[in-house]
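Colleague: This is the structure I have questions about; it appears just below.
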Amino acid sequence: MSNPHIILVHGRSTKPSAAEKRRLVRSALSHGLQRASESAHRALEESEVSFTLAYYGDISNRILKESHGRWLKSKDPEHGWGSCEPDGYYDESLRASFQRPSHSFTEEDYGRLLNEEKDLRFVDEIAAIASRIAEPLGLSGFLVRHSSSDLGAYFSDPAIGEGIRDRVRDPLMEALRAGRRICLIAHSMGCLVAYDTLWQISRDPEFQELHKETGSLVELFLTLGNPLGEPGARANLLDASHSSSEHFPRGILHNWINLSAEDDYIAHDKTVADDYHQMLEHGHLHRIIDRPGIFNFWVHEHRSNPHKLYGYLDHPVVGAELARWILGRKATDPGYPTKSGS
């Protein structure tokens, strides 16, 4: 079997250029692996593990340009010189993240961080209250579609939705055809996009035959800051408009591990096993695991952001999940790889 292949789907909002986003994501991912396992980190750095960023930031930037124009002062040569965030904008915060010792990701450390920096915990509390109110009124799907213009466009504009899914489907199908061991990492809105893409590949007749030809699976679906547990999100997924017998991706996933940070205002419903248990019951999936909540220490411009992808990827627990997969360990193996472990 070919070498392991990590495919990462980022989330919503404005983004830097594809090259800059790729650099930032890979740097954070590499450092998180280094926290957990020298062997797994070396495998990535020596290209024994392939990495692909499924980038759709140019689409988000185009949708958000009018409302976020002040941030989009650079140009992306990979996508028609479209507007994007400037290079280097997150470098200082990334360096600060890397300087945090791996033993300092505790609740006590997080409390000290919140005393020093502005925090967004109130956003998570408001989101939780809004969700509880909206669900019995049947408004949760409406709120999700209208919560942000890029997410709303993904759900409501078929051309935009399909254009974004293309960015995930192309590298995923290539890896499936090659018979690679695949880890699909998704963050935030990227979890919705990845789920829809998996459903399409495994259910849509246009792609189903191609999937059957490969006979391959996504070994690990790793979701971070994941809104798939939200009723409003589920109501807008591609399978929501189909009969119950056609719900859920089928025969394409092996393990699904879900991990969300405390105070993450996008993933305040931090579990998916209760919402997607039928995937197990119908044999569509081998295992769903909701890991205990972690603490995301990302800080940018003196404001903590427990939802930020770079903070997730640099976390030792996330690094350990990836190291476990790279090294071929089972998701239920006790303990995490250590930095000195192989």
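To be explicit about the labels: the chains of the structure tokens are called A, B, and onward in the order shown, and within each one the residues are counted from 1, while ligands get numbers from 1 in the order they are shown.
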Quick one: residues within 9 Å of stretch 291-299 of chain A, only C-alpha atoms counted, chain neighbours fewer than 6 positions away excluded, as a PyMOL selection string?
Modeller: chain A and resi 93-94+96-97+100+105-107+109-110+113+117-118+257-264+270-271+305-312+314-315+317
Colleague: Give me, as a VMD selection string, the residues of stretch 53-299 of chain A that a backbone DSSP run labels strand (DSSP E).
Modeller: chain A and resid 53 to 54 74 to 76 82 to 84 182 to 187 218 to 224 253 to 259 287 to 290 299
Colleague: Go ahead and write the residues just picked, N, CA and C atoms, as a compact mmCIF listing (two decimals), in the first residue's frame.
Modeller:
```
# COMPACT_ATOMS: atom_id res chain seq x y z
N LEU A 53 -3.48 20.20 1.18
CA LEU A 53 -4.47 21.14 1.70
C LEU A 53 -5.57 21.30 0.66
N ALA A 54 -6.79 20.93 1.04
CA ALA A 54 -7.94 21.15 0.16
C ALA A 54 -8.40 22.59 0.37
N SER A 74 -3.68 41.49 -0.14
CA SER A 74 -2.70 40.78 -0.96
C SER A 74 -3.41 40.06 -2.10
N LYS A 75 -2.62 39.43 -2.98
CA LYS A 75 -3.16 38.73 -4.14
C LYS A 75 -2.65 37.29 -4.16
N ASP A 76 -3.50 36.39 -4.63
CA ASP A 76 -3.17 34.97 -4.67
C ASP A 76 -2.88 34.55 -6.11
N GLY A 82 -6.66 36.73 -7.06
CA GLY A 82 -7.75 37.20 -6.23
C GLY A 82 -7.26 37.76 -4.91
N SER A 83 -8.07 38.59 -4.28
CA SER A 83 -7.71 39.22 -3.01
C SER A 83 -7.63 38.19 -1.89
N CYS A 84 -6.69 38.40 -0.97
CA CYS A 84 -6.51 37.47 0.16
C CYS A 84 -5.83 38.20 1.31
N ILE A 182 -5.45 6.93 4.13
CA ILE A 182 -5.91 8.32 4.10
C ILE A 182 -6.38 8.75 5.48
N CYS A 183 -5.90 9.91 5.91
CA CYS A 183 -6.46 10.62 7.06
C CYS A 183 -7.05 11.91 6.53
N LEU A 184 -8.35 12.08 6.68
CA LEU A 184 -9.04 13.29 6.26
C LEU A 184 -9.29 14.14 7.49
N ILE A 185 -8.61 15.27 7.59
CA ILE A 185 -8.77 16.20 8.71
C ILE A 185 -9.68 17.33 8.25
N ALA A 186 -10.67 17.66 9.06
CA ALA A 186 -11.58 18.75 8.71
C ALA A 186 -11.79 19.65 9.91
N HIS A 187 -11.89 20.94 9.65
CA HIS A 187 -12.05 21.92 10.71
C HIS A 187 -13.23 22.83 10.40
N VAL A 218 -11.36 5.80 3.76
CA VAL A 218 -10.67 6.80 4.57
C VAL A 218 -10.46 6.16 5.94
N GLU A 219 -9.21 5.89 6.27
CA GLU A 219 -8.92 5.20 7.53
C GLU A 219 -9.33 6.03 8.74
N LEU A 220 -9.06 7.32 8.67
CA LEU A 220 -9.36 8.19 9.81
C LEU A 220 -9.98 9.49 9.33
N PHE A 221 -11.15 9.79 9.84
CA PHE A 221 -11.81 11.08 9.66
C PHE A 221 -11.65 11.81 10.98
N LEU A 222 -10.80 12.83 11.01
CA LEU A 222 -10.49 13.57 12.24
C LEU A 222 -11.13 14.94 12.14
N THR A 223 -12.16 15.19 12.96
CA THR A 223 -12.88 16.46 12.92
C THR A 223 -12.49 17.32 14.12
N LEU A 224 -12.21 18.59 13.85
CA LEU A 224 -11.75 19.54 14.86
C LEU A 224 -12.65 20.76 14.84
N LEU A 253 -15.76 5.26 5.18
CA LEU A 253 -15.05 5.64 6.41
C LEU A 253 -14.77 4.41 7.27
N HIS A 254 -13.64 4.43 7.96
CA HIS A 254 -13.33 3.37 8.94
C HIS A 254 -13.50 3.91 10.36
N ASN A 255 -12.67 4.86 10.74
CA ASN A 255 -12.76 5.46 12.07
C ASN A 255 -13.05 6.95 11.97
N TRP A 256 -13.90 7.44 12.87
CA TRP A 256 -14.18 8.87 12.97
C TRP A 256 -13.84 9.29 14.40
N ILE A 257 -12.88 10.20 14.53
CA ILE A 257 -12.51 10.74 15.83
C ILE A 257 -12.83 12.23 15.84
N ASN A 258 -13.59 12.65 16.82
CA ASN A 258 -14.06 14.03 16.93
C ASN A 258 -13.43 14.67 18.16
N LEU A 259 -12.92 15.88 17.98
CA LEU A 259 -12.20 16.53 19.07
C LEU A 259 -12.47 18.03 19.02
N ARG A 287 -16.05 2.78 13.79
CA ARG A 287 -15.96 3.35 15.14
C ARG A 287 -16.12 4.86 15.08
N ILE A 288 -16.89 5.44 16.04
CA ILE A 288 -16.94 6.89 16.26
C ILE A 288 -16.48 7.15 17.69
N ILE A 289 -15.53 8.04 17.84
CA ILE A 289 -15.01 8.36 19.16
C ILE A 289 -15.05 9.87 19.37
N ASP A 290 -15.72 10.31 20.43
CA ASP A 290 -15.66 11.69 20.86
C ASP A 290 -14.61 11.78 21.96
N VAL A 299 -3.67 32.54 20.43
CA VAL A 299 -3.86 33.96 20.73
C VAL A 299 -3.34 34.76 19.55
```
Colleague: Where does stretch 57-97 of chain A meet stretch 5-25 of chain A within 8 Å, residue by residue, with the nearest atom pair and distance in Å to one decimal for each, counting only C-alpha atoms, listed by chain and rising number, as a tab-separated table?
Modeller:
```
residue	atom	partner	partner_atom	distance
A:Gly57	CA	A:Lys15	CA	5.3
A:Asp58	CA	A:Lys15	CA	7.4
A:Ser60	CA	A:Thr14	CA	6.0
A:Asn61	CA	A:Thr14	CA	5.1
A:Leu64	CA	A:Thr14	CA	6.9
A:His68	CA	A:Thr14	CA	7.6
A:Leu72	CA	A:Thr14	CA	7.9
A:Lys75	CA	A:Ser17	CA	7.1
A:Asp76	CA	A:Ser17	CA	4.9
A:Pro77	CA	A:Ser17	CA	7.8
A:Glu78	CA	A:Ala18	CA	6.9
A:Cys84	CA	A:Pro16	CA	5.0
A:Glu85	CA	A:Pro16	CA	4.2
A:Pro86	CA	A:Pro16	CA	6.0
A:Asp87	CA	A:Glu20	CA	6.2
```
Colleague: Between atom CA of A:Leu322 and atom CA of A:Ala233, what is the spacing in Å?
Modeller: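 Between atom CA of A:Ala233 and atom CA of A:Leu322 the gap is 26.1 Å.
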Colleague: Can you work out the spacing between atom CA of A:Glu116 and atom CA of A:Tyr89 in Å, to one decimal?
Modeller: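 Those two atoms sit 21.6 Å apart.
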Colleague: Neighbours of A:Leu285 within 10 Å (only C-alpha atoms; same-chain residues fewer than 4 positions away dropped), as a PyMOL selection string?
Modeller: chain A and resi 248-256+276-281
Colleague: I need the chosen residues saved as a PDB file, in the first residue's frame, with C-alpha atoms.
Modeller:
```
ATOM      1  CA  PHE A 248     -24.871   9.108   5.960  1.00  0.00           C
ATOM      2  CA  PRO A 249     -21.746   8.334   3.923  1.00  0.00           C
ATOM      3  CA  ARG A 250     -21.644   4.599   3.224  1.00  0.00           C
ATOM      4  CA  GLY A 251     -18.663   2.266   3.003  1.00  0.00           C
ATOM      5  CA  ILE A 252     -16.020   4.982   2.768  1.00  0.00           C
ATOM      6  CA  LEU A 253     -15.052   5.638   6.407  1.00  0.00           C
ATOM      7  CA  HIS A 254     -13.333   3.374   8.939  1.00  0.00           C
ATOM      8  CA  ASN A 255     -12.759   5.463  12.075  1.00  0.00           C
ATOM      9  CA  TRP A 256     -14.177   8.872  12.975  1.00  0.00           C
ATOM     10  CA  TYR A 276     -24.467   9.659  13.966  1.00  0.00           C
ATOM     11  CA  HIS A 277     -24.800   6.354  15.845  1.00  0.00           C
ATOM     12  CA  GLN A 278     -26.885   4.964  12.981  1.00  0.00           C
ATOM     13  CA  MET A 279     -23.733   4.899  10.872  1.00  0.00           C
ATOM     14  CA  LEU A 280     -22.452   2.250  13.265  1.00  0.00           C
ATOM     15  CA  GLU A 281     -25.734   0.393  13.439  1.00  0.00           C
TER      16      GLU A 281
END
```
